[in-house]
Every structure is written in C-alpha cells, then in structure tokens.
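> Before we start, here is the structure in question, set down as structure tokens.
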Amino acid sequence: MDQIPFIKMHGLGNDFVIIDGREQLPKLSVAALRAIADRHRGVGYDQLIVMEPATNGADVFMRIYNSDGSEAEACGNATRCVAHLLMEESDSRSVTIETCAGLLGGTTEDRQHIVIDMGSPKMGWQDIPLSREEDTMHINLTVGPLSNPVGVNMGNPHAVFFVEDADTVDLEKWGPIAETDPLFPEKANISVASKMKNGDIRLRVWERGVGITLACGSAACATMVAANIRGIAGKKATLHLNGGPLDMRISDNGHVFMGGPIAISFRGALDASLLAGAV
Ligand SMILES: N[C@@H](CCC[C@H](N)C(=O)O)C(=O)O
C-alpha cells in the first residue's frame, strides 16, 4: 500500500489516527508507528487505532498502538471515537467493539456524546499485573510525593494515586518513574487524582507508552473505581481531565460506564515515507 487513508479524531484532546483496516490490514512497523506519531514531521497522535474485522460477532475489532509503538489493550477515548464512526456508518445508536480487553458496548442519543460500557475492573494483584503480592487497594509503593496507590486493571494496567491537589504534582517528573517501577512488569498508566470542593474529581494522567495526555478514558474508569473503593466518591462522578470532563458511573453489576464527547479533526493519508518509518 503506497498510501493509507486515516481519520484524525480526539476525545477531550486525547488524539488518534484511525485507520480502517477492515478490507486490508495495514503493515505498521514500530519505526512507522513512531514516525507517524511525530508531531513535527509526522501526523502526531497519542494512539493509532486500526479498525480490523471482528472475530466474535462484534461490529469491529479495535487494535490500539501507543505513540512509542507499543500495543495497548484498552483505550476509552478512542472507543468513543470508533463507536461514533460505526454509528454513522450503520445509522445506529448502539455498537459493540472488540478489543484485547474484551467486548465493549457503546450507546448514544445523538452520536456526539457517547457512553461506553468499559466492562468490569479487575483488582487481583496478578491481574494488574504486579510483580509481587500486594493489597491492590493500598499498594506499598512510594514515588517521590506519591504513595499508597490503588491498582486497577481496566483491560490495561493503572495505578491511581490520591493526593491533596492533583494540579501541584510534577507529573512529568514522577509519572515516568512510577510507570516503569519494577512493581509493574507490564508498566502502568499513572493517575494523580484529588477530590474537588464540589465533590467532583480532578484527574491528571501520565499514560504508559505516551506521557502526559489531555485525557485518558481508561484512567478515568480506574480512578472512578479507586475513588469508590476509598470512599472518595459514590457510584457516579464527574472527572475533570486537562481536556475536559467525563461522566462516570459504576452500575449495579460492577461495570464502569464512561460518557463524553468525540470530535473529527481532519482526514488525510499516510504516505510511503511515513510508512517506511522515515522522518
Ligand atoms: N488514551 C487511552 C489509553 C491508551 C492506552 C494506554 N496508554 C496504555 O498503554 O494502557 C484511554 O483513553 O483509555
């Protein structure tokens, strides 16, 4: 393939290059993924998403790559974007999306604000995964000013640190150290969260394989679960990320629902030099 068409979308500024690989799967080396991710010489993205044929009756399989070329199991904000594309395509208001993390359902009233059932969190220490046995509700880990995180697996690994004021944490400094701590054999997405005066939650995220992002949907799910466990929130809360708010809810059967907006930025094509990994 000389050129590959893509759609650039974002959910609260968490941005994606989305490729429709349902007819023909693109060949993407790590060098190509990194070249496309380059915000100066490539297109720029937090995640590159390939829509692939589903294997189990879902509408699509969604493959997720981080900007460093690593593959991720879940991506909440991109799930909303892909759900929007599928809803437009099929003129429907509900879709099922398969990821490495399992089957996710998306629903909407207007195809702009999309609610995703992100499934049930896993809380066992092997599920996160951690490299040693720990109580995941109070993990014995300190990184600079951050300590005592909650470990949550939302398909992908998360550590949520509750702090007095999330805005004062030097996340560029402590995020990468926590992400790569030997406690996390598959690394981890690192969240810092604090309760706001009105009862909402402020959340900032250092994403595994990316760095600081404007929003992270799976981290919002993990933080909702962690806040509920710690008694900081009930079963519903608004989480305020740098890019804007997500409406979060835990249902009676323990599934985490995430609602938020999507936006299409532009359409383009990846050229041969980017696909060859040249920047
Ligand atoms: N932006 C995402 C999360 C993407 C994957 C993550 N960086 C990982 O490696 O697990 C979201 O909205 O959930």
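Scheme for the structure tokens: letters A, B, ... for chains in order shown; per-chain residue numbers from 1; ligand numbers from 1 in order shown.
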Could you please extract the residues within 7 Å of ligand 1, counting only C-alpha atoms and all ligand atoms, and hand them back as a PyMOL selection string?

chain A and resi 14+46-47+66+71-78+156-157+188-189+207-210+215-219

> Selection from above, N, CA and C atoms, as a compact mmCIF listing (two decimals), in the first residue's frame, can you write it?


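In the end it all went to result10.txt:
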# COMPACT_ATOMS: atom_id res chain seq x y z
N ASN A 14 -7.41 13.87 23.75
CA ASN A 14 -6.65 12.61 23.64
C ASN A 14 -6.82 12.22 22.17
N ASP A 46 -1.71 10.42 20.12
CA ASP A 46 -1.45 9.69 21.36
C ASP A 46 -1.58 8.19 21.10
N GLN A 47 -2.63 7.80 20.36
CA GLN A 47 -2.81 6.39 19.97
C GLN A 47 -3.13 6.31 18.49
N ASN A 66 0.24 2.72 21.14
CA ASN A 66 0.69 3.96 21.75
C ASN A 66 1.71 4.65 20.84
N GLU A 71 1.84 -1.83 21.97
CA GLU A 71 0.40 -2.10 21.79
C GLU A 71 -0.29 -2.04 23.15
N ALA A 72 -1.47 -1.47 23.20
CA ALA A 72 -2.26 -1.38 24.45
C ALA A 72 -3.53 -2.21 24.30
N GLU A 73 -4.06 -2.61 25.43
CA GLU A 73 -5.25 -3.48 25.43
C GLU A 73 -6.55 -2.69 25.43
N ALA A 74 -6.52 -1.47 25.94
CA ALA A 74 -7.76 -0.70 26.08
C ALA A 74 -7.48 0.77 25.85
N CYS A 75 -8.49 1.48 25.36
CA CYS A 75 -8.40 2.93 25.21
C CYS A 75 -9.81 3.50 25.20
N GLY A 76 -10.20 4.07 26.31
CA GLY A 76 -11.58 4.54 26.46
C GLY A 76 -11.96 5.64 25.49
N ASN A 77 -11.11 6.65 25.36
CA ASN A 77 -11.47 7.78 24.49
C ASN A 77 -11.55 7.35 23.03
N ALA A 78 -10.63 6.49 22.60
CA ALA A 78 -10.68 6.02 21.20
C ALA A 78 -11.89 5.14 20.97
N ASN A 156 -6.22 -2.66 30.69
CA ASN A 156 -4.83 -2.19 30.76
C ASN A 156 -4.52 -1.80 32.21
N PRO A 157 -3.23 -1.75 32.56
CA PRO A 157 -2.86 -1.54 33.97
C PRO A 157 -2.84 -0.07 34.40
N ALA A 188 2.72 0.74 33.75
CA ALA A 188 1.36 1.12 34.18
C ALA A 188 1.06 2.56 33.77
N ASN A 189 -0.22 2.82 33.58
CA ASN A 189 -0.70 4.19 33.40
C ASN A 189 -0.81 4.80 34.80
N GLU A 207 0.32 8.67 30.72
CA GLU A 207 -0.05 7.42 30.05
C GLU A 207 1.17 6.56 29.72
N ARG A 208 1.06 5.30 30.01
CA ARG A 208 2.06 4.32 29.58
C ARG A 208 2.26 4.45 28.07
N GLY A 209 3.52 4.50 27.66
CA GLY A 209 3.82 4.50 26.21
C GLY A 209 3.54 5.80 25.50
N VAL A 210 3.17 6.84 26.25
CA VAL A 210 2.85 8.12 25.62
C VAL A 210 3.44 9.30 26.41
N ALA A 215 -6.32 13.69 28.20
CA ALA A 215 -7.38 12.88 28.82
C ALA A 215 -7.05 11.41 28.60
N CYS A 216 -7.55 10.57 29.49
CA CYS A 216 -7.38 9.12 29.33
C CYS A 216 -8.64 8.46 29.89
N GLY A 217 -9.41 7.85 28.99
CA GLY A 217 -10.69 7.29 29.38
C GLY A 217 -10.57 6.10 30.32
N SER A 218 -9.61 5.21 30.03
CA SER A 218 -9.48 4.04 30.91
C SER A 218 -8.96 4.46 32.28
N ALA A 219 -8.13 5.52 32.32
CA ALA A 219 -7.67 6.03 33.63
C ALA A 219 -8.84 6.64 34.39

> Using DSSP assignments from the backbone, pull out every residue in range 173-216 of chain A that falls under alpha helix (DSSP H) and give it to me as a list of chain:residue names.

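Taking range 173-216 of chain A and keeping alpha helix (DSSP H) only, one gets A:Lys173, A:Trp174, A:Gly175, A:Pro176, A:Ile177, A:Ala178, A:Glu179.
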
> Set out as a tab-separated table a contact list for range 170-217 of chain A and range 128-137 of chain A with a cut-off of 8 Å, giving each residue of range 170-217 of chain A that qualifies its closest atom pair and distance in Å to one decimal, counting only C-alpha atoms, ordered by chain and rising residue number.


residue	atom	partner	partner_atom	distance
A:Pro182	CA	A:Ser131	CA	7.1
A:Leu183	CA	A:Ser131	CA	5.0
A:Phe184	CA	A:Leu130	CA	5.1
A:Pro185	CA	A:Ser131	CA	6.0
A:Glu186	CA	A:Pro129	CA	7.0

> Name the residues in contact with Val60 in chain A at a cut-off of 9 Å, using only C-alpha atoms, excluding same-chain residues fewer than 5 positions from it; report them as a PyMOL selection string.

chain A and resi 22+51-55+82+86+95-99

> Counting only C-alpha atoms, which residue out of A:Gly42, A:Gly211, A:Gly243, A:Gly105 sits closest to Asp117 in chain A?

A:Gly105

> Excluding Asp271 in chain A and residues on its chain fewer than 3 positions from it, collect all residues at most 10 Å away from it, counting only C-alpha atoms, and give them as a PDB file with C-alpha atoms, in the first residue's frame.


ATOM      1  CA  MET A   1       0.000   0.000   0.000  1.00  0.00           C
ATOM      2  CA  ASP A   2       1.546   3.336  -1.058  1.00  0.00           C
ATOM      3  CA  GLN A   3      -0.825   5.488   0.927  1.00  0.00           C
ATOM      4  CA  ILE A   4      -3.167   4.696   3.778  1.00  0.00           C
ATOM      5  CA  PRO A   5      -6.194   6.934   4.401  1.00  0.00           C
ATOM      6  CA  ILE A  36       3.503   8.804  12.177  1.00  0.00           C
ATOM      7  CA  GLY A  42       4.560  13.022  11.014  1.00  0.00           C
ATOM      8  CA  GLY A 268      -5.655  12.544   5.360  1.00  0.00           C
ATOM      9  CA  LEU A 274       5.993   7.720   6.887  1.00  0.00           C
ATOM     10  CA  LEU A 275       5.008   4.084   6.355  1.00  0.00           C
ATOM     11  CA  ALA A 276       8.683   3.289   5.791  1.00  0.00           C
TER      12      ALA A 276
END

> Find the residues near range 199-203 of chain A: any atom within 12 Å, counting only C-alpha atoms, skip ones fewer than 4 places away on the same chain, and give them as a short mmCIF file (atom, residue, chain, number, x, y, z; two decimals) with C-alpha atoms, in the first residue's frame.


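Final output, saved to around_22.cif:
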data_model
loop_
_atom_site.label_atom_id
_atom_site.label_comp_id
_atom_site.auth_asym_id
_atom_site.auth_seq_id
_atom_site.Cartn_x
_atom_site.Cartn_y
_atom_site.Cartn_z
CA VAL A 160 -4.19 5.71 40.91
CA PHE A 161 -2.55 8.00 43.49
CA PHE A 162 -4.90 10.19 45.54
CA VAL A 163 -3.28 13.47 46.52
CA GLU A 164 -4.34 16.71 48.18
CA ASP A 165 -4.14 18.72 44.93
CA ALA A 166 -3.52 16.88 41.65
CA ASP A 167 -2.55 20.15 39.93
CA THR A 168 0.54 20.64 42.07
CA VAL A 169 2.12 17.23 41.31
CA LEU A 171 3.74 14.50 36.82
CA ILE A 190 -0.21 6.62 36.28
CA SER A 191 -3.03 8.81 37.56
CA VAL A 192 -2.99 11.53 40.19
CA ALA A 193 -6.41 12.46 41.48
CA SER A 194 -7.90 14.74 44.08
CA LYS A 195 -11.39 15.47 45.35
CA ILE A 212 1.09 13.27 29.73
CA THR A 213 -2.15 13.34 27.75
CA LEU A 214 -5.07 15.74 27.85
CA ALA A 215 -7.38 12.88 28.82
CA CYS A 216 -7.38 9.12 29.33
CA GLY A 217 -10.69 7.29 29.38
CA SER A 218 -9.48 4.04 30.91
CA ALA A 219 -7.67 6.03 33.63
CA ALA A 220 -10.95 7.81 34.34
CA CYS A 221 -12.59 4.38 34.76
CA ALA A 222 -9.78 3.18 37.03
CA THR A 223 -9.99 6.38 39.07
CA MET A 224 -13.78 6.08 39.41
CA ALA A 226 -10.48 3.57 43.05
CA ALA A 227 -12.38 6.61 44.36
CA ASN A 228 -15.41 4.45 45.11
CA GLY A 231 -14.91 6.24 49.88
CA ILE A 232 -13.97 9.41 47.96
CA ALA A 233 -16.93 9.04 45.57
CA GLY A 234 -20.18 7.13 45.34
CA LYS A 235 -21.10 5.29 42.16
CA LYS A 236 -21.36 8.39 39.97
CA ALA A 237 -18.93 11.26 39.50
CA THR A 238 -17.68 13.80 37.01
CA LEU A 239 -13.96 13.54 36.45
CA HIS A 240 -12.18 16.64 35.19
CA LEU A 241 -9.20 15.89 32.97
CA ASN A 242 -6.98 18.53 31.35
CA GLY A 243 -9.07 18.25 28.16
CA GLY A 244 -12.47 18.39 29.88
CA PRO A 245 -14.98 16.34 31.87
CA LEU A 246 -16.04 12.70 31.62
CA ASP A 247 -19.23 11.42 33.24
CA MET A 248 -18.51 8.22 35.10
#

> Would you mind listing what lies within 12 Å of range 87-89 of chain A as a PyMOL selection string, with only C-alpha atoms counted and same-chain residues fewer than 5 positions away left out?

chain A and resi 59-60+79-82+94-97+105-114
